[in-house]
file final-v8.txt (compact mmCIF, C-alpha atoms and all ligand atoms)
# COMPACT_ATOMS: atom_id res chain seq x y z
CA MET A 1462 -6.31 6.16 18.10
CA ARG A 1463 -9.15 8.62 17.61
CA ILE A 1464 -10.17 9.58 14.08
CA ILE A 1465 -11.76 12.86 13.14
CA TRP A 1466 -13.06 13.65 9.65
CA LEU A 1467 -12.01 17.10 8.49
CA LYS A 1468 -14.71 18.82 6.46
CA GLY A 1469 -15.26 22.18 4.83
CA ASP A 1470 -12.88 24.33 2.83
CA TYR A 1471 -9.14 23.84 2.98
CA VAL A 1472 -7.95 26.41 0.43
CA GLY A 1473 -8.78 30.04 1.20
CA ASN A 1474 -11.11 29.47 4.15
CA ARG A 1475 -9.03 27.05 6.15
CA GLU A 1476 -11.84 25.26 7.93
CA ARG A 1477 -10.16 21.84 7.92
CA GLN A 1478 -6.90 23.24 9.25
CA ALA A 1479 -8.80 24.96 12.09
CA GLN A 1480 -10.57 21.69 12.94
CA ALA A 1481 -7.24 19.84 13.05
CA SER A 1482 -5.73 22.44 15.40
CA LYS A 1483 -8.75 22.42 17.67
CA ALA A 1484 -8.69 18.61 17.91
CA ASN A 1485 -4.90 18.66 18.44
CA CYS A 1486 -4.31 16.23 15.57
CA ARG A 1487 -1.06 14.29 15.69
CA LEU A 1488 -1.21 13.74 11.91
CA VAL A 1489 -3.45 14.67 8.99
CA ILE A 1490 -3.79 12.46 5.93
CA SER A 1491 -5.41 13.94 2.84
CA PHE A 1492 -6.76 11.44 0.30
CA HIS A 1493 -6.63 12.39 -3.37
CA PHE A 1494 -5.96 10.71 -6.71
CA ASN A 1495 -3.90 12.00 -9.58
CA ALA A 1496 -5.16 12.96 -13.06
CA HIS A 1497 -3.59 14.05 -16.34
CA PRO A 1498 -4.82 14.68 -19.90
CA ASN A 1499 -2.29 12.09 -21.12
CA PRO A 1500 -3.78 8.69 -20.22
CA ARG A 1501 -0.28 7.20 -20.03
CA ALA A 1502 0.72 9.41 -17.06
CA ASN A 1503 1.31 7.02 -14.18
CA GLY A 1504 2.79 6.44 -10.77
CA SER A 1505 2.37 7.26 -7.09
CA GLU A 1506 3.38 10.36 -5.16
CA VAL A 1507 2.93 11.68 -1.65
CA PHE A 1508 3.11 15.33 -0.63
CA SER A 1509 4.45 16.40 2.77
CA ASN A 1510 4.21 19.67 4.68
CA GLY A 1511 7.64 18.94 6.15
CA LYS A 1512 6.54 19.44 9.77
CA GLY A 1513 7.74 17.04 12.47
CA ASP A 1514 8.00 13.54 11.03
CA ALA A 1515 5.82 14.29 7.97
CA ASP A 1516 8.61 13.53 5.47
CA TYR A 1517 9.32 10.20 7.13
CA ILE A 1518 5.63 9.24 7.21
CA ALA A 1519 5.22 10.34 3.58
CA ALA A 1520 8.16 8.16 2.49
CA ARG A 1521 6.90 5.14 4.37
CA LEU A 1522 3.34 5.52 3.05
CA LEU A 1523 4.65 5.95 -0.50
CA HIS A 1524 6.60 2.71 -0.11
CA ILE A 1525 3.45 0.90 1.08
CA ILE A 1526 1.41 2.29 -1.84
CA THR A 1527 3.91 1.34 -4.57
CA ASN A 1528 4.42 -2.06 -2.98
CA ILE A 1529 0.70 -2.92 -2.96
CA LEU A 1530 -0.37 -1.25 -6.23
CA GLY A 1531 2.79 -2.21 -8.12
CA THR A 1532 3.10 1.38 -9.31
CA ARG A 1533 6.16 3.49 -10.06
CA SER A 1534 7.30 5.89 -7.34
CA ARG A 1535 7.23 9.56 -8.36
CA GLY A 1536 8.68 10.42 -4.97
CA VAL A 1537 7.84 12.43 -1.88
CA LYS A 1538 7.21 16.06 -2.82
CA PRO A 1539 7.08 19.22 -0.73
CA ALA A 1540 3.66 20.84 -0.51
CA GLN A 1541 3.84 24.03 -2.53
CA GLY A 1542 1.47 26.40 -4.30
CA SER A 1543 -1.14 24.59 -6.37
CA ARG A 1544 0.48 21.25 -5.50
CA ALA A 1545 -0.99 20.61 -2.07
CA GLY A 1546 0.16 24.01 -0.78
CA PHE A 1547 -2.76 24.04 1.68
CA LEU A 1548 -0.95 21.35 3.72
CA LYS A 1549 1.42 24.04 4.98
CA PHE A 1550 -1.41 25.60 6.96
CA TYR A 1551 -1.78 22.54 9.16
CA HIS A 1552 0.24 23.00 12.37
CA CYS A 1553 0.81 19.25 12.70
CA PRO A 1554 2.54 16.88 10.25
CA ALA A 1555 0.31 16.54 7.18
CA VAL A 1556 0.64 14.36 4.09
CA LEU A 1557 -1.40 14.08 0.90
CA LEU A 1558 -1.66 10.76 -0.92
CA GLU A 1559 -1.88 10.51 -4.71
CA PRO A 1560 -1.82 6.70 -4.92
CA CYS A 1561 -2.17 6.55 -8.73
CA PHE A 1562 -3.61 8.22 -11.84
CA ILE A 1563 -7.33 7.57 -12.25
CA THR A 1564 -7.02 8.90 -15.82
CA ASN A 1565 -4.74 5.96 -16.69
CA PRO A 1566 -6.86 2.88 -17.60
CA GLU A 1567 -4.49 0.39 -15.95
CA GLU A 1568 -4.20 2.41 -12.75
CA ALA A 1569 -7.97 3.10 -12.71
CA ASN A 1570 -8.43 -0.69 -12.77
CA LEU A 1571 -6.46 -0.90 -9.52
CA VAL A 1572 -8.85 1.38 -7.65
CA HIS A 1573 -11.90 -0.30 -9.19
CA ASP A 1574 -10.77 -3.57 -7.62
CA VAL A 1575 -12.37 -3.80 -4.18
CA GLN A 1576 -9.77 -6.27 -2.89
CA THR A 1577 -6.88 -4.04 -3.91
CA VAL A 1578 -8.43 -0.98 -2.25
CA ARG A 1579 -9.03 -3.03 0.89
CA ARG A 1580 -5.45 -4.35 0.95
CA LEU A 1581 -4.05 -0.85 0.53
CA GLY A 1582 -6.28 0.66 3.20
CA GLU A 1583 -5.46 -2.11 5.66
CA ALA A 1584 -1.73 -1.75 5.07
CA ILE A 1585 -1.91 2.00 5.68
CA ALA A 1586 -3.92 1.40 8.85
CA ASP A 1587 -1.45 -1.23 10.09
CA ALA A 1588 1.42 1.21 9.66
CA LEU A 1589 -0.37 4.09 11.40
CA VAL A 1590 -1.33 1.95 14.38
CA LYS A 1591 2.31 0.89 14.67
CA TRP A 1592 3.76 4.42 14.38
CA LEU A 1593 1.34 6.57 16.34
CA PRO A 1594 0.61 6.55 20.09
CA PHE A 1595 -2.61 4.81 21.14
CA ASP A 1596 -4.13 8.13 22.26
CA ALA A 1597 -3.18 10.08 19.10
CA VAL A 1598 -5.83 11.99 17.16
CA LEU A 1599 -5.68 11.32 13.42
CA GLY A 1600 -7.31 13.78 11.02
CA LEU A 1601 -8.62 12.27 7.77
CA ASP A 1602 -9.47 14.51 4.84
CA ILE A 1603 -11.28 13.46 1.66
CA GLY A 1604 -10.10 15.71 -1.13
CA HIS A 1605 -12.67 17.71 -3.12
CA LYS A 1606 -15.62 16.54 -1.05
CA PHE A 1607 -17.56 18.37 1.68
CA LYS A 1608 -16.30 21.81 0.61
CA THR A 1609 -18.36 24.67 2.02
CA SER A 1610 -17.78 27.00 -0.94
CA GLN A 1611 -18.03 24.30 -3.67
CA PRO A 1612 -20.30 21.53 -2.35
CA ASN A 1613 -20.53 19.89 -5.79
CA ASP A 1614 -16.77 19.55 -6.37
CA ARG A 1615 -15.69 15.93 -6.80
CA GLY A 1616 -12.21 16.48 -8.26
CA ALA A 1617 -10.89 14.87 -11.43
CA ARG A 1618 -12.90 12.49 -13.60
CA CYS A 1619 -11.79 8.86 -13.55
CA PHE A 1620 -11.23 6.82 -16.74
CA TYR A 1621 -14.44 4.94 -15.83
CA GLY A 1622 -16.51 8.11 -15.46
CA ASP A 1623 -16.73 8.38 -11.70
CA PHE A 1624 -14.62 10.84 -9.72
CA GLU A 1625 -11.47 11.34 -7.70
CA ALA A 1626 -13.46 12.09 -4.54
CA ASP A 1627 -15.36 8.77 -4.86
CA HIS A 1628 -12.11 6.81 -4.84
CA ALA A 1629 -10.56 9.00 -2.13
CA GLU A 1630 -13.59 8.37 0.08
CA GLN A 1631 -13.50 4.60 -0.49
CA LEU A 1632 -9.85 4.34 0.48
CA ALA A 1633 -10.19 6.69 3.46
CA LYS A 1634 -13.13 4.67 4.79
CA VAL A 1635 -11.17 1.42 4.63
CA VAL A 1636 -8.29 3.09 6.49
CA ALA A 1637 -10.64 4.44 9.17
CA ALA A 1638 -12.52 1.17 9.64
CA SER A 1639 -9.27 -0.82 9.81
CA ILE A 1640 -7.80 1.54 12.42
CA GLN A 1641 -10.95 1.29 14.51
CA ILE A 1642 -10.82 -2.52 14.44
CA ARG A 1643 -7.11 -2.52 15.34
CA SER A 1644 -7.52 0.08 18.11
CA ALA A 1645 -10.40 -1.75 19.80
CA VAL A 1646 -9.19 -3.86 22.72
ZN ZN B 1 -13.14 5.34 -11.07
call {"tool": "encode", "arguments": {"input": "final-v8.txt", "output": "structure tokens", "more": "lines below"}}
Ligand SMILES: [Zn+2]
result
Amino acid sequence: MRIIWLKGDYVGNRERQAQASKANCRLVISFHFNAHPNPRANGSEVFSNGKGDADYIAARLLHIITNILGTRSRGVKPAQGSRAGFLKFYHCPAVLLEPCFITNPEEANLVHDVQTVRRLGEAIADALVKWLPFDAVLGLDIGHKFKTSQPNDRGARCFYGDFEADHAEQLAKVVAASIQIRSAV
């Protein structure tokens, strides 16, 4: 599997969507984390653009996330408007992960545990290697980072003071590294 990192804007100027089309991505995975003013808000959700097998992949990834983090499933949700609406502008299947709420102290603890992040990233990689053809191109997208129009955006603030984009990048990098190890023969 070949991985490409999608960078630039994805709302308005659709730079990431154009990159995915040009590279003929089989699947795009967008890494985010959830946030809410109420620190008790909790659970995992995955958005899908509904194209091809996106709903199936979203459901399977959600199952992996809740299984490893021990979080409550908030379900697979259709990309719409301000809730991941930009996914609809990818021509290929695209999903957006919100593994947990970084504004919830207990769930923030999960993503501040290196072992837990590694286990989750490896499990996602295992599944992708199993599902996708060996020559597939996978587009990975770190939410809120590398935007052309807002280079300083980092997304929501975590309970521990760092940011959504920091955690999204950590998880995405484990997924990418694990896929590369598993794809090397
Ligand atoms: Zn944090």
call {"tool": "closest_residue", "arguments": {"input": "final-v8.txt", "among": "A:Asp1587, A:Glu1506, A:Asp1516, A:Glu1568", "to": "Ala1637 (chain A)", "atoms": "all atoms listed in the file"}}
result
A:Asp1587
call {"tool": "closest_atom_pairs", "arguments": {"input": "final-v8.txt", "of": "region 1585-1635 of chain A", "to": "region 1517-1530 of chain A", "cutoff": "10 Å", "atoms": "only C-alpha atoms", "output": "JSON lines"}}
result
{"residue": "A:Ile1585", "atom": "CA", "partner": "A:Leu1522", "partner_atom": "CA", "distance": 6.8}
{"residue": "A:Ala1588", "atom": "CA", "partner": "A:Leu1522", "partner_atom": "CA", "distance": 8.1}
{"residue": "A:Leu1589", "atom": "CA", "partner": "A:Ile1518", "partner_atom": "CA", "distance": 8.9}
{"residue": "A:Trp1592", "atom": "CA", "partner": "A:Ile1518", "partner_atom": "CA", "distance": 8.8}
call {"tool": "residues_near_ligand", "arguments": {"input": "final-v8.txt", "ligand": "ligand ZN 1 (chain B)", "cutoff": "8 Å", "atoms": "only C-alpha atoms and all ligand atoms", "output": "list in words"}}
result
Ile1563, Ala1569, Asn1570, Val1572, His1573, Arg1618, Cys1619, Phe1620, Tyr1621, Gly1622, Asp1623, Phe1624, Glu1625, Asp1627 and His1628 of chain A
call {"tool": "closest_residue", "arguments": {"input": "final-v8.txt", "among": "A:Thr1577, A:Asn1485, A:Ser1505, A:Ser1610", "to": "Ala1597 (chain A)", "atoms": "only C-alpha atoms"}}
result
A:Asn1485
call {"tool": "axis_aligned_box", "arguments": {"input": "final-v8.txt", "around": "region 1608-1620 of chain A", "padding_each_side": "5 Å", "output": "JSON"}}
result
{"center_x": -15.7, "center_y": 16.9, "center_z": -7.4, "size_x": 19.6, "size_y": 30.2, "size_z": 28.8}
call {"tool": "residues_around", "arguments": {"input": "final-v8.txt", "residues": "Arg1477 (chain A)", "least_positions_apart": "4", "cutoff": "10 Å", "atoms": "only C-alpha atoms", "output": "JSON, numbers by chain"}}
result
{"A": [1466, 1467, 1468, 1469, 1470, 1471, 1472, 1481, 1482, 1483, 1489, 1547, 1550, 1551, 1600, 1601, 1602, 1608]}
call {"tool": "write_last_selection", "arguments": {"input": "final-v8.txt", "atoms": "C-alpha atoms", "output": "PDB file, in the frame of the given file"}}
result
ATOM      1  CA  TRP A1466     -13.060  13.650   9.650  1.00  0.00           C
ATOM      2  CA  LEU A1467     -12.010  17.100   8.490  1.00  0.00           C
ATOM      3  CA  LYS A1468     -14.710  18.820   6.460  1.00  0.00           C
ATOM      4  CA  GLY A1469     -15.260  22.180   4.830  1.00  0.00           C
ATOM      5  CA  ASP A1470     -12.880  24.330   2.830  1.00  0.00           C
ATOM      6  CA  TYR A1471      -9.140  23.840   2.980  1.00  0.00           C
ATOM      7  CA  VAL A1472      -7.950  26.410   0.430  1.00  0.00           C
ATOM      8  CA  ALA A1481      -7.240  19.840  13.050  1.00  0.00           C
ATOM      9  CA  SER A1482      -5.730  22.440  15.400  1.00  0.00           C
ATOM     10  CA  LYS A1483      -8.750  22.420  17.670  1.00  0.00           C
ATOM     11  CA  VAL A1489      -3.450  14.670   8.990  1.00  0.00           C
ATOM     12  CA  PHE A1547      -2.760  24.040   1.680  1.00  0.00           C
ATOM     13  CA  PHE A1550      -1.410  25.600   6.960  1.00  0.00           C
ATOM     14  CA  TYR A1551      -1.780  22.540   9.160  1.00  0.00           C
ATOM     15  CA  GLY A1600      -7.310  13.780  11.020  1.00  0.00           C
ATOM     16  CA  LEU A1601      -8.620  12.270   7.770  1.00  0.00           C
ATOM     17  CA  ASP A1602      -9.470  14.510   4.840  1.00  0.00           C
ATOM     18  CA  LYS A1608     -16.300  21.810   0.610  1.00  0.00           C
TER      19      LYS A1608
END
call {"tool": "residues_around", "arguments": {"input": "final-v8.txt", "residues": "Ser1491 (chain A)", "least_positions_apart": "4", "cutoff": "10 Å", "atoms": "all atoms listed in the file", "output": "ChimeraX atom specification"}}
result
/A:1467,1507-1508,1545,1548,1555-1559,1600-1604,1629,1633
call {"tool": "atom_distance", "arguments": {"input": "final-v8.txt", "atom1": "CA of Phe1607 (chain A)", "atom2": "CA of Ile1464 (chain A)"}}
result
16.9 Å
call {"tool": "closest_residue", "arguments": {"input": "final-v8.txt", "among": "A:Val1598, A:Met1462, A:Ala1540, A:Ala1584", "to": "Gln1480 (chain A)", "atoms": "only C-alpha atoms"}}
result
A:Val1598
call {"tool": "closest_residue", "arguments": {"input": "final-v8.txt", "among": "A:Ile1465, A:Cys1561, A:Ala1586, A:Leu1581", "to": "Asn1503 (chain A)", "atoms": "all atoms listed in the file"}}
result
A:Cys1561
call {"tool": "atom_distance", "arguments": {"input": "final-v8.txt", "atom1": "CA of Phe1494 (chain A)", "atom2": "CA of Leu1599 (chain A)"}}
result
20.1 Å
call {"tool": "build_atoms", "arguments": {"input": "final-v8.txt", "residues": "region 1533-1546 of chain A", "atoms": "N, CA and C atoms", "output": "PDB file, keeping the file's coordinate frame"}}
result
ATOM      1  N   ARG A1533       4.864   2.816 -10.062  1.00  0.00           N
ATOM      2  CA  ARG A1533       6.160   3.490 -10.060  1.00  0.00           C
ATOM      3  C   ARG A1533       6.128   4.634  -9.051  1.00  0.00           C
ATOM      4  N   SER A1534       7.226   4.782  -8.295  1.00  0.00           N
ATOM      5  CA  SER A1534       7.300   5.890  -7.340  1.00  0.00           C
ATOM      6  C   SER A1534       7.684   7.181  -8.058  1.00  0.00           C
ATOM      7  N   ARG A1535       6.882   8.226  -7.865  1.00  0.00           N
ATOM      8  CA  ARG A1535       7.230   9.560  -8.360  1.00  0.00           C
ATOM      9  C   ARG A1535       7.862  10.384  -7.254  1.00  0.00           C
ATOM     10  N   GLY A1536       7.958   9.788  -6.064  1.00  0.00           N
ATOM     11  CA  GLY A1536       8.680  10.420  -4.970  1.00  0.00           C
ATOM     12  C   GLY A1536       7.800  11.158  -3.975  1.00  0.00           C
ATOM     13  N   VAL A1537       8.466  11.557  -2.877  1.00  0.00           N
ATOM     14  CA  VAL A1537       7.840  12.430  -1.880  1.00  0.00           C
ATOM     15  C   VAL A1537       8.102  13.861  -2.327  1.00  0.00           C
ATOM     16  N   LYS A1538       7.066  14.690  -2.320  1.00  0.00           N
ATOM     17  CA  LYS A1538       7.210  16.060  -2.820  1.00  0.00           C
ATOM     18  C   LYS A1538       6.797  17.061  -1.759  1.00  0.00           C
ATOM     19  N   PRO A1539       7.484  18.195  -1.703  1.00  0.00           N
ATOM     20  CA  PRO A1539       7.080  19.220  -0.730  1.00  0.00           C
ATOM     21  C   PRO A1539       5.802  19.916  -1.171  1.00  0.00           C
ATOM     22  N   ALA A1540       4.905  20.122  -0.230  1.00  0.00           N
ATOM     23  CA  ALA A1540       3.660  20.840  -0.510  1.00  0.00           C
ATOM     24  C   ALA A1540       4.014  22.272  -0.896  1.00  0.00           C
ATOM     25  N   GLN A1541       3.479  22.703  -2.028  1.00  0.00           N
ATOM     26  CA  GLN A1541       3.840  24.030  -2.530  1.00  0.00           C
ATOM     27  C   GLN A1541       2.824  24.542  -3.525  1.00  0.00           C
ATOM     28  N   GLY A1542       2.360  25.749  -3.329  1.00  0.00           N
ATOM     29  CA  GLY A1542       1.470  26.400  -4.300  1.00  0.00           C
ATOM     30  C   GLY A1542       0.263  25.537  -4.635  1.00  0.00           C
ATOM     31  N   SER A1543       0.039  25.334  -5.945  1.00  0.00           N
ATOM     32  CA  SER A1543      -1.140  24.590  -6.370  1.00  0.00           C
ATOM     33  C   SER A1543      -0.966  23.089  -6.132  1.00  0.00           C
ATOM     34  N   ARG A1544       0.256  22.660  -5.822  1.00  0.00           N
ATOM     35  CA  ARG A1544       0.480  21.250  -5.500  1.00  0.00           C
ATOM     36  C   ARG A1544       0.430  21.078  -3.982  1.00  0.00           C
ATOM     37  N   ALA A1545      -0.764  20.919  -3.492  1.00  0.00           N
ATOM     38  CA  ALA A1545      -0.990  20.610  -2.070  1.00  0.00           C
ATOM     39  C   ALA A1545      -0.470  21.676  -1.115  1.00  0.00           C
ATOM     40  N   GLY A1546      -0.356  22.924  -1.615  1.00  0.00           N
ATOM     41  CA  GLY A1546       0.160  24.010  -0.780  1.00  0.00           C
ATOM     42  C   GLY A1546      -0.628  24.219   0.512  1.00  0.00           C
TER      43      GLY A1546
END
